[in-house]
file final09.cif (mmCIF, C-alpha atoms)
data_upload
loop_
_atom_site.label_atom_id
_atom_site.label_comp_id
_atom_site.auth_asym_id
_atom_site.auth_seq_id
_atom_site.Cartn_x
_atom_site.Cartn_y
_atom_site.Cartn_z
CA MET A 1 -7.81 -8.06 22.88
CA LYS A 2 -11.13 -9.16 21.42
CA MET A 3 -12.64 -9.13 17.97
CA TYR A 4 -15.55 -6.79 17.33
CA PHE A 5 -17.66 -6.32 14.23
CA PHE A 6 -18.58 -2.84 13.05
CA ASP A 7 -21.82 -2.99 11.08
CA VAL A 8 -22.85 0.16 9.26
CA SER A 9 -26.41 1.40 8.90
CA ASP A 10 -26.79 3.83 6.02
CA ASN A 11 -30.32 5.29 6.18
CA GLY A 12 -31.39 1.96 7.62
CA ASN A 13 -29.58 -0.25 5.11
CA ILE A 14 -27.30 -2.38 7.19
CA THR A 15 -24.00 -3.72 5.89
CA ARG A 16 -22.64 -6.46 8.07
CA ASP A 17 -18.96 -6.47 8.91
CA ASP A 18 -17.76 -10.00 8.17
CA VAL A 19 -14.11 -9.26 8.83
CA GLY A 20 -13.98 -7.63 12.24
CA VAL A 21 -11.47 -5.50 14.04
CA PHE A 22 -9.44 -6.24 17.17
CA CYS A 23 -9.99 -3.75 19.99
CA VAL A 24 -8.19 -3.54 23.32
CA SER A 25 -10.98 -2.05 25.48
CA ASP A 26 -14.49 -0.59 25.54
CA ALA A 27 -12.92 2.84 25.11
CA ASP A 28 -11.14 1.57 21.99
CA VAL A 29 -14.40 0.16 20.60
CA ARG A 30 -16.15 3.49 21.17
CA GLN A 31 -13.27 5.46 19.64
CA LYS A 32 -13.14 3.30 16.51
CA ALA A 33 -16.91 3.46 15.98
CA ILE A 34 -17.10 7.24 16.41
CA GLU A 35 -14.02 8.14 14.40
CA ALA A 36 -15.35 6.13 11.44
CA LEU A 37 -18.48 8.30 11.09
CA PRO A 38 -17.08 11.42 9.36
CA GLY A 39 -15.40 9.29 6.67
CA LEU A 40 -18.56 7.29 6.11
CA ALA A 41 -20.57 10.52 5.83
CA ASP A 42 -18.04 11.89 3.35
CA GLU A 43 -18.69 8.84 1.21
CA VAL A 44 -22.47 9.35 0.96
CA LEU A 45 -22.98 13.15 1.08
CA PRO A 46 -24.31 15.22 -0.57
CA ASP A 47 -27.44 13.16 -0.91
CA GLY A 48 -30.70 14.96 -0.19
CA ASP A 49 -31.67 16.79 2.98
CA ARG A 50 -31.56 14.00 5.49
CA HIS A 51 -29.13 11.21 6.10
CA GLU A 52 -28.53 9.05 9.11
CA ILE A 53 -25.47 6.88 9.44
CA SER A 54 -24.73 4.59 12.35
CA VAL A 55 -21.92 2.31 13.30
CA ILE A 56 -23.28 -0.54 15.39
CA VAL A 57 -20.75 -2.71 17.16
CA ARG A 58 -21.31 -6.41 17.59
CA GLU A 59 -19.40 -8.90 19.71
CA GLU A 60 -18.48 -12.32 18.38
CA ASN A 61 -21.56 -13.78 20.13
CA GLU A 62 -23.78 -11.56 17.92
CA VAL A 63 -24.76 -9.25 20.79
CA TYR A 64 -24.79 -5.55 19.92
CA ILE A 65 -22.97 -3.46 22.49
CA PHE A 66 -22.55 0.04 21.10
CA ARG A 67 -24.08 2.41 18.58
CA ALA A 68 -22.82 5.75 17.32
CA THR A 69 -25.03 7.80 14.97
CA LEU A 70 -24.39 10.82 12.82
CA LEU A 71 -27.51 12.65 11.63
CA PHE A 72 -27.31 15.08 8.75
CA THR A 73 -30.14 17.47 7.95
CA SER A 74 -30.37 20.52 5.73
CA HIS A 75 -33.13 22.93 4.76
CA TRP A 76 -33.58 26.34 3.19
CA LEU A 77 -34.24 29.31 5.49
CA ARG A 78 -36.06 31.40 2.89
CA MET B 25 13.84 -17.47 -7.10
CA LYS B 26 15.56 -15.03 -9.37
CA ASN B 27 17.09 -12.00 -7.69
CA PRO B 28 14.18 -9.51 -7.65
CA LEU B 29 16.44 -6.52 -8.24
CA ILE B 30 17.81 -8.06 -11.43
CA ARG B 31 14.32 -8.97 -12.50
CA LYS B 32 13.09 -5.44 -11.85
CA LEU B 33 15.95 -3.68 -13.64
CA GLU B 34 16.01 -6.08 -16.60
CA GLN B 35 12.55 -4.90 -17.51
CA VAL B 36 13.93 -1.56 -18.52
CA VAL B 37 17.58 -2.14 -19.52
CA ASP B 38 19.75 -4.90 -20.95
CA LEU B 39 22.25 -5.88 -18.28
CA THR B 40 25.66 -7.38 -19.05
CA ASP B 41 26.98 -10.46 -17.26
CA GLY B 42 29.20 -8.15 -15.23
CA ASP B 43 26.19 -6.07 -14.17
CA ARG B 44 24.32 -9.21 -13.19
CA ARG B 45 27.25 -10.54 -11.15
CA MET B 46 27.43 -7.23 -9.30
CA LEU B 47 23.72 -7.28 -8.51
CA GLU B 48 23.85 -10.95 -7.49
CA ALA B 49 26.66 -10.14 -5.07
CA ILE B 50 24.66 -7.31 -3.56
CA GLY B 51 21.57 -9.46 -3.24
CA SER B 52 23.40 -12.38 -1.64
CA SER B 53 24.37 -10.21 1.32
CA GLY B 54 20.75 -10.14 2.47
CA ARG B 55 19.93 -11.07 6.04
CA PRO B 56 16.67 -11.83 7.79
CA VAL B 57 14.81 -9.08 9.59
CA LYS B 58 11.82 -9.77 11.84
CA ARG B 59 8.35 -8.42 11.30
CA LYS B 60 7.62 -4.81 12.37
CA GLN B 61 11.29 -3.90 12.81
CA ASP B 62 12.57 -0.46 11.94
CA LEU B 63 15.32 -0.67 9.33
CA ILE B 64 16.02 2.97 9.99
CA LYS B 65 14.35 5.60 12.16
CA GLU B 66 13.57 9.25 11.65
CA GLY B 67 16.56 11.22 12.94
CA ASP B 68 19.07 8.42 12.36
CA SER B 69 22.18 9.07 10.33
CA PRO B 70 21.96 6.69 7.41
CA ASN B 71 25.01 4.49 6.88
CA ASN B 72 23.64 1.80 4.62
CA VAL B 73 21.27 1.65 1.73
CA HIS B 74 18.62 -1.02 2.21
CA LEU B 75 17.43 -3.32 -0.51
CA ILE B 76 14.37 -5.50 0.04
CA MET B 77 15.07 -9.02 -1.26
CA GLU B 78 12.08 -10.77 0.29
CA GLY B 79 9.13 -9.51 2.29
CA PHE B 80 7.43 -6.18 2.60
CA ALA B 81 8.36 -2.85 4.18
CA CYS B 82 6.93 0.64 4.41
CA ARG B 83 8.07 4.21 4.81
CA TYR B 84 6.23 6.03 7.54
CA LYS B 85 6.13 9.09 9.69
CA LEU B 86 4.79 9.29 13.24
CA LEU B 87 2.90 12.36 14.40
CA PRO B 88 3.20 13.65 17.99
CA ASP B 89 -0.29 12.30 18.82
CA GLY B 90 0.84 8.79 17.86
CA ARG B 91 -0.90 8.65 14.51
CA ARG B 92 1.06 7.20 11.65
CA GLN B 93 1.11 7.97 7.96
CA ILE B 94 2.51 5.37 5.57
CA MET B 95 4.03 7.04 2.50
CA ALA B 96 5.27 4.05 0.49
CA TYR B 97 5.34 0.30 0.33
CA LEU B 98 8.63 -1.36 -0.49
CA VAL B 99 8.47 -4.73 -2.19
CA PRO B 100 11.21 -7.17 -3.29
CA GLY B 101 13.64 -5.47 -5.66
CA ASP B 102 13.06 -2.01 -4.14
CA PHE B 103 15.88 0.10 -2.78
CA CYS B 104 15.06 2.29 0.19
CA ASP B 105 16.67 5.60 -0.77
CA LEU B 106 19.61 4.91 -3.01
CA HIS B 107 21.45 8.13 -2.29
CA ILE B 108 20.31 8.60 1.29
CA ALA B 109 23.93 8.89 2.51
CA ILE B 110 24.05 12.36 0.95
CA LEU B 111 21.53 13.50 3.54
CA GLY B 112 22.57 13.98 7.16
CA ARG B 113 19.55 12.56 8.93
CA MET B 114 16.50 10.53 7.99
CA ASP B 115 13.30 12.59 7.77
CA HIS B 116 11.15 9.46 8.07
CA SER B 117 11.35 5.84 9.19
CA ILE B 118 11.32 2.55 7.31
CA ALA B 119 9.98 -0.64 8.88
CA THR B 120 9.31 -4.20 7.79
CA LEU B 121 5.68 -5.36 7.74
CA GLU B 122 6.50 -9.06 7.80
CA PRO B 123 9.61 -11.22 8.22
CA SER B 124 11.84 -10.03 5.40
CA VAL B 125 15.27 -10.46 3.88
CA VAL B 126 17.09 -7.17 3.54
CA ALA B 127 20.48 -6.42 2.02
CA PHE B 128 22.41 -3.67 3.80
CA ILE B 129 24.61 -2.01 1.20
CA SER B 130 27.42 0.36 2.03
CA TYR B 131 27.48 3.69 0.31
CA ASP B 132 30.89 2.79 -1.18
CA THR B 133 29.18 -0.10 -2.97
CA VAL B 134 26.48 2.23 -4.26
CA MET B 135 29.17 4.60 -5.53
CA ASP B 136 30.96 1.70 -7.25
CA LEU B 137 27.66 0.62 -8.76
CA THR B 138 26.82 4.03 -10.14
CA GLU B 139 30.36 4.88 -11.31
CA ASN B 140 31.26 1.58 -13.00
CA HIS B 141 27.96 0.20 -14.21
CA PRO B 142 26.24 2.72 -16.51
CA ARG B 143 23.32 0.46 -17.39
CA ILE B 144 22.57 -0.20 -13.73
CA THR B 145 22.88 3.52 -13.06
CA ARG B 146 20.31 4.33 -15.72
CA ALA B 147 17.96 1.68 -14.38
CA LEU B 148 18.36 3.03 -10.86
CA TRP B 149 17.52 6.55 -12.04
CA TRP B 150 14.42 5.03 -13.55
CA ALA B 151 13.57 3.29 -10.26
CA THR B 152 13.98 6.56 -8.35
CA LEU B 153 11.77 8.42 -10.82
CA VAL B 154 9.13 5.71 -10.57
CA ASP B 155 9.19 5.99 -6.75
CA GLU B 156 8.44 9.71 -7.14
CA ALA B 157 5.71 9.03 -9.69
CA VAL B 158 4.07 6.59 -7.28
CA LEU B 159 4.19 9.23 -4.56
CA ARG B 160 2.54 11.76 -6.91
CA GLU B 161 -0.19 9.25 -7.70
CA TRP B 162 -0.78 8.71 -3.98
CA ILE B 163 -1.14 12.47 -3.44
CA VAL B 164 -3.72 12.59 -6.23
CA GLY B 165 -5.54 9.72 -4.55
CA LEU B 166 -5.48 11.32 -1.08
CA GLY B 167 -6.65 14.65 -2.42
CA ALA B 168 -9.13 13.70 -5.08
CA ARG B 169 -10.21 10.03 -5.08
CA SER B 170 -13.06 8.57 -3.06
CA ALA B 171 -12.07 6.07 -0.37
CA ASP B 172 -13.31 3.02 -2.30
CA ARG B 173 -11.39 4.04 -5.44
CA ARG B 174 -8.32 4.88 -3.36
CA ILE B 175 -8.21 1.34 -1.96
CA ALA B 176 -8.90 -0.24 -5.35
CA HIS B 177 -6.17 1.90 -6.90
CA LEU B 178 -3.64 0.86 -4.26
CA LEU B 179 -4.46 -2.81 -4.83
CA CYS B 180 -4.09 -2.42 -8.61
CA GLU B 181 -0.75 -0.70 -8.13
CA LEU B 182 0.60 -3.35 -5.77
CA MET B 183 -0.58 -6.12 -8.08
CA VAL B 184 1.26 -4.62 -11.05
CA ARG B 185 4.40 -3.90 -9.02
CA LEU B 186 4.48 -7.39 -7.51
CA ASP B 187 3.76 -8.94 -10.89
CA SER B 188 6.74 -7.13 -12.35
CA VAL B 189 9.02 -9.02 -9.94
CA GLY B 190 7.25 -12.33 -10.42
CA LEU B 191 5.25 -12.37 -7.19
CA VAL B 192 1.77 -12.69 -8.67
CA GLU B 193 0.40 -16.08 -9.63
CA ASP B 194 -3.06 -16.58 -11.12
CA ASN B 195 -3.99 -13.01 -10.17
CA SER B 196 -3.17 -13.82 -6.56
CA PHE B 197 -0.48 -12.36 -4.32
CA HIS B 198 0.73 -12.24 -0.75
CA LEU B 199 -0.21 -8.89 0.78
CA PRO B 200 0.81 -8.68 4.45
CA ILE B 201 -0.99 -5.40 5.15
CA THR B 202 -3.60 -5.08 7.90
CA GLN B 203 -6.76 -2.98 7.65
CA ALA B 204 -5.13 -0.58 10.13
CA GLU B 205 -2.15 -0.17 7.80
CA ILE B 206 -4.41 0.38 4.81
CA GLY B 207 -6.10 3.07 6.87
CA GLU B 208 -2.76 4.65 7.74
CA THR B 209 -1.85 4.65 4.05
CA LEU B 210 -5.03 6.06 2.61
CA GLY B 211 -6.16 8.41 5.36
CA VAL B 212 -9.24 6.42 6.32
CA THR B 213 -10.21 4.86 9.64
CA ILE B 214 -9.80 1.15 10.25
CA VAL B 215 -13.58 0.62 10.21
CA HIS B 216 -13.85 2.48 6.93
CA ALA B 217 -10.95 0.53 5.37
CA ASN B 218 -12.66 -2.67 6.44
CA ARG B 219 -15.94 -1.55 4.87
CA MET B 220 -14.26 -0.56 1.60
CA LEU B 221 -12.52 -3.95 1.35
CA MET B 222 -15.88 -5.64 1.84
CA LYS B 223 -17.34 -3.40 -0.85
CA LEU B 224 -14.62 -4.44 -3.33
CA HIS B 225 -15.34 -8.03 -2.40
CA GLU B 226 -19.09 -7.54 -2.97
CA MET B 227 -18.41 -5.88 -6.32
CA GLY B 228 -16.68 -9.12 -7.33
CA PHE B 229 -13.21 -7.57 -7.65
CA ILE B 230 -11.29 -9.30 -4.85
CA THR B 231 -11.26 -12.15 -2.43
CA ARG B 232 -9.02 -12.03 0.60
CA LYS B 233 -7.92 -14.86 2.81
CA ARG B 234 -5.75 -13.60 5.64
CA TYR B 235 -2.83 -12.07 3.77
CA GLN B 236 -3.52 -13.64 0.39
CA MET B 237 -5.22 -11.24 -2.02
CA THR B 238 -6.82 -12.57 -5.17
CA VAL B 239 -8.03 -10.19 -7.82
CA ARG B 240 -10.95 -11.87 -9.52
CA ASP B 241 -11.62 -9.14 -12.04
CA PRO B 242 -8.42 -7.16 -12.72
CA GLN B 243 -9.92 -5.29 -15.67
CA GLY B 244 -13.06 -4.38 -13.75
CA MET B 245 -11.15 -3.20 -10.71
CA MET B 246 -8.73 -1.13 -12.80
CA GLU B 247 -11.66 0.59 -14.50
CA PHE B 248 -13.41 1.21 -11.20
CA ALA B 249 -10.19 2.58 -9.64
CA GLN B 250 -9.47 4.68 -12.75
CA PHE B 251 -6.07 3.02 -12.61
CA LYS B 252 -3.74 3.64 -15.53
CA PRO B 253 -0.39 1.92 -15.04
CA ASP B 254 1.50 4.52 -17.10
CA TYR B 255 2.99 6.12 -14.01
CA LEU B 256 4.81 2.89 -13.16
CA HIS B 257 6.75 3.27 -16.43
CA LEU B 258 7.11 -0.46 -17.03
CA HIS B 259 8.58 -0.30 -20.48
CA ARG B 260 12.07 -0.48 -21.92
CA LEU B 261 13.90 2.76 -21.48
CA LYS B 262 14.12 4.81 -24.65
CA ASP B 263 11.91 2.34 -26.51
CA LYS B 264 8.38 3.49 -25.94
CA ASN B 265 6.82 1.05 -28.39
CA ARG B 266 7.93 -2.00 -26.51
CA LEU B 267 5.50 -2.22 -23.64
CA PHE B 268 5.90 -4.34 -20.58
CA SER B 269 4.20 -7.65 -21.20
CA GLY B 270 3.13 -9.04 -17.88
CA GLU B 271 0.42 -11.46 -16.93
CA PHE B 272 -2.34 -8.86 -17.24
CA ALA B 273 -3.63 -6.97 -20.20
CA TYR B 274 -3.36 -3.38 -19.00
#

call {"tool": "encode", "arguments": {"input": "final09.cif", "output": "structure tokens"}}
result
Amino acid sequence: MKMYFFDVSDNGNITRDDVGVFCVSDADVRQKAIEALPGLADEVLPDGDRHEISVIVREENEVYIFRATLLFTSHWLR
Amino acid sequence: MKNPLIRKLEQVVDLTDGDRRMLEAIGSSGRPVKRKQDLIKEGDSPNNVHLIMEGFACRYKLLPDGRRQIMAYLVPGDFCDLHIAILGRMDHSIATLEPSVVAFISYDTVMDLTENHPRITRALWWATLVDEAVLREWIVGLGARSADRRIAHLLCELMVRLDSVGLVEDNSFHLPITQAEIGETLGVTIVHANRMLMKLHEMGFITRKRYQMTVRDPQGMMEFAQFKPDYLHLHRLKDKNRLFSGEFAY
């Protein structure tokens, strides 16, 4: 089990994770990053017609290893 | 340290020496339980009532896919289901979150307590009603509060509850709950719980060192969380003017 840090990019504003989360495998890292996105989106929407939120996972040695992004767009059709 | 059950109940009623002796006897039967041990599991037939003397426990339910929902935290002085023996089987589980001291009380003792000690009985009704009020507040939080307020609200609640049994010192308390458990309590993912804790830290409300939580701005956090401690009913029974006077100005 290793410690990973889940930074969040909210329309490009990055919040660094200083606490970290223990994960058991790459699959666990991926799962935790992806499952966080809907909750993070819920926190910021509604907010305009475009929003991009990413979870970017960092190892303890500061190397980024995974990114999951949720892109929201909306526009009128009339 | 003073028996937390006596401390808790004395906030709301005046106990006699006899009442106190009875509660001391119950408390002294506590025995150590390791961390992450089930005190009772869903489906079990309950034989004993559990009383947390030291440590921390939670009520939880496991879903078929392995996900867990925590429905309550039990802190020193809390009974886990006073009249559970009336029910045939447990509909949820209770587990310790850290090494704890738990008194296992027979239902005969509970009956003796409630039949021969009217002041204790009244105080225990109060405790049961407060447990329900806390649950209602949690439902409101899950349904209607944003994740950051939900976490802040939970921390305010735990601070007030722990303070009422003398476990808060200089706005600081032991809180042996992981980010994963906060997530399982508030319906957020572990990454989200982590982010919200950092946000509360950045807002100047809390600092956290392993399992030690310090609230740097109780008033500010209570306002942010929209936390009103009324639902914890920390005042003398039948005397609404005499408010609980703890360390904080609520």

call {"tool": "closest_residue", "arguments": {"input": "final09.cif", "among": "B:Arg185, B:Leu98, B:His177, B:Asp115", "to": "B:Gly244", "atoms": "only C-alpha atoms"}}
result
B:His177

call {"tool": "resolve_selection", "arguments": {"input": "final09.cif", "expression": "the PyMOL selection byres ((chain B) within 9 of (chain A))", "output": "mmCIF file with C-alpha atoms, in the coordinates of the input"}}
result
data_model
loop_
_atom_site.group_PDB
_atom_site.id
_atom_site.type_symbol
_atom_site.label_atom_id
_atom_site.label_comp_id
_atom_site.auth_asym_id
_atom_site.auth_seq_id
_atom_site.Cartn_x
_atom_site.Cartn_y
_atom_site.Cartn_z
ATOM 1 C CA SER B 170 -13.060 8.570 -3.060
ATOM 2 C CA ALA B 171 -12.070 6.070 -0.370
ATOM 3 C CA ASP B 172 -13.310 3.020 -2.300
ATOM 4 C CA GLN B 203 -6.760 -2.980 7.650
ATOM 5 C CA ALA B 204 -5.130 -0.580 10.130
ATOM 6 C CA VAL B 212 -9.240 6.420 6.320
ATOM 7 C CA THR B 213 -10.210 4.860 9.640
ATOM 8 C CA ILE B 214 -9.800 1.150 10.250
ATOM 9 C CA VAL B 215 -13.580 0.620 10.210
ATOM 10 C CA HIS B 216 -13.850 2.480 6.930
ATOM 11 C CA ASN B 218 -12.660 -2.670 6.440
ATOM 12 C CA ARG B 219 -15.940 -1.550 4.870
ATOM 13 C CA MET B 222 -15.880 -5.640 1.840
#

call {"tool": "residues_near_point", "arguments": {"input": "final09.cif", "point": "(12.5, -10.2, 6.2)", "cutoff": "6 Å", "atoms": "all atoms listed in the file", "output": "PyMOL selection string"}}
result
chain B and resi 56-58+78-79+123-125

call {"tool": "write_last_selection", "arguments": {"input": "final09.cif", "atoms": "C-alpha atoms", "output": "mmCIF file, keeping the file's coordinate frame"}}
result
data_model
loop_
_atom_site.group_PDB
_atom_site.id
_atom_site.type_symbol
_atom_site.label_atom_id
_atom_site.label_comp_id
_atom_site.auth_asym_id
_atom_site.auth_seq_id
_atom_site.Cartn_x
_atom_site.Cartn_y
_atom_site.Cartn_z
ATOM 1 C CA PRO B 56 16.670 -11.830 7.790
ATOM 2 C CA VAL B 57 14.810 -9.080 9.590
ATOM 3 C CA LYS B 58 11.820 -9.770 11.840
ATOM 4 C CA GLU B 78 12.080 -10.770 0.290
ATOM 5 C CA GLY B 79 9.130 -9.510 2.290
ATOM 6 C CA PRO B 123 9.610 -11.220 8.220
ATOM 7 C CA SER B 124 11.840 -10.030 5.400
ATOM 8 C CA VAL B 125 15.270 -10.460 3.880
#

call {"tool": "residues_around", "arguments": {"input": "final09.cif", "residues": "B:Leu106", "least_positions_apart": "2", "cutoff": "9 Å", "atoms": "all atoms listed in the file", "output": "PyMOL selection string"}}
result
chain B and resi 73-75+103-104+108-109+131+134+148+152

call {"tool": "atom_distance", "arguments": {"input": "final09.cif", "atom1": "atom CA of B:Gln236", "atom2": "atom CA of B:Leu199"}}
result
5.8 Å

call {"tool": "resolve_selection", "arguments": {"input": "final09.cif", "expression": "the PyMOL selection byres ((chain A and resi 74) around 10)", "output": "ChimeraX atom specification"}}
result
/A:48-51,72-73,75-77

call {"tool": "resolve_selection", "arguments": {"input": "final09.cif", "expression": "the PyMOL selection byres ((chain B and resi 226) around 12)", "output": "number ranges by chain"}}
result
A: 15-18; B: 219-225, 227-232, 240-241, 245

call {"tool": "write_last_selection", "arguments": {"input": "final09.cif", "atoms": "C-alpha atoms", "output": "JSON list (two decimals), in the coordinates of the input"}}
result
[["chain", "number", "residue", "atom", "x", "y", "z"],
["A", 15, "THR", "CA", -24.00, -3.72, 5.89],
["A", 16, "ARG", "CA", -22.64, -6.46, 8.07],
["A", 17, "ASP", "CA", -18.96, -6.47, 8.91],
["A", 18, "ASP", "CA", -17.76, -10.00, 8.17],
["B", 219, "ARG", "CA", -15.94, -1.55, 4.87],
["B", 220, "MET", "CA", -14.26, -0.56, 1.60],
["B", 221, "LEU", "CA", -12.52, -3.95, 1.35],
["B", 222, "MET", "CA", -15.88, -5.64, 1.84],
["B", 223, "LYS", "CA", -17.34, -3.40, -0.85],
["B", 224, "LEU", "CA", -14.62, -4.44, -3.33],
["B", 225, "HIS", "CA", -15.34, -8.03, -2.40],
["B", 227, "MET", "CA", -18.41, -5.88, -6.32],
["B", 228, "GLY", "CA", -16.68, -9.12, -7.33],
["B", 229, "PHE", "CA", -13.21, -7.57, -7.65],
["B", 230, "ILE", "CA", -11.29, -9.30, -4.85],
["B", 231, "THR", "CA", -11.26, -12.15, -2.43],
["B", 232, "ARG", "CA", -9.02, -12.03, 0.60],
["B", 240, "ARG", "CA", -10.95, -11.87, -9.52],
["B", 241, "ASP", "CA", -11.62, -9.14, -12.04],
["B", 245, "MET", "CA", -11.15, -3.20, -10.71]]

call {"tool": "closest_residue", "arguments": {"input": "final09.cif", "among": "B:Ile206, B:Arg31, B:Leu261, B:Met246", "to": "B:Arg173", "atoms": "only C-alpha atoms"}}
result
B:Met246

call {"tool": "residues_near_point", "arguments": {"input": "final09.cif", "point": "(17.3, -6.5, -20.1)", "cutoff": "12 Å", "atoms": "all atoms listed in the file", "output": "list in words"}}
result
Leu29, Ile30, Arg31, Lys32, Leu33, Glu34, Gln35, Val36, Val37, Asp38, Leu39, Thr40, Asp41, Asp43, Arg44, Arg143, Ile144, Ala147, His259, Arg260, Leu261 and Phe268 of chain B

call {"tool": "write_last_selection", "arguments": {"input": "final09.cif", "atoms": "C-alpha atoms", "output": "short mmCIF file (atom, residue, chain, number, x, y, z; two decimals), in the frame of the given file"}}
result
data_model
loop_
_atom_site.label_atom_id
_atom_site.label_comp_id
_atom_site.auth_asym_id
_atom_site.auth_seq_id
_atom_site.Cartn_x
_atom_site.Cartn_y
_atom_site.Cartn_z
CA LEU B 29 16.44 -6.52 -8.24
CA ILE B 30 17.81 -8.06 -11.43
CA ARG B 31 14.32 -8.97 -12.50
CA LYS B 32 13.09 -5.44 -11.85
CA LEU B 33 15.95 -3.68 -13.64
CA GLU B 34 16.01 -6.08 -16.60
CA GLN B 35 12.55 -4.90 -17.51
CA VAL B 36 13.93 -1.56 -18.52
CA VAL B 37 17.58 -2.14 -19.52
CA ASP B 38 19.75 -4.90 -20.95
CA LEU B 39 22.25 -5.88 -18.28
CA THR B 40 25.66 -7.38 -19.05
CA ASP B 41 26.98 -10.46 -17.26
CA ASP B 43 26.19 -6.07 -14.17
CA ARG B 44 24.32 -9.21 -13.19
CA ARG B 143 23.32 0.46 -17.39
CA ILE B 144 22.57 -0.20 -13.73
CA ALA B 147 17.96 1.68 -14.38
CA HIS B 259 8.58 -0.30 -20.48
CA ARG B 260 12.07 -0.48 -21.92
CA LEU B 261 13.90 2.76 -21.48
CA PHE B 268 5.90 -4.34 -20.58
#

call {"tool": "atom_distance", "arguments": {"input": "final09.cif", "atom1": "atom CA of B:Met77", "atom2": "atom CA of B:Ile110"}}
result
23.3 Å

call {"tool": "atom_distance", "arguments": {"input": "final09.cif", "atom1": "atom CA of B:Asp194", "atom2": "atom CA of B:Leu179"}}
result
15.2 Å
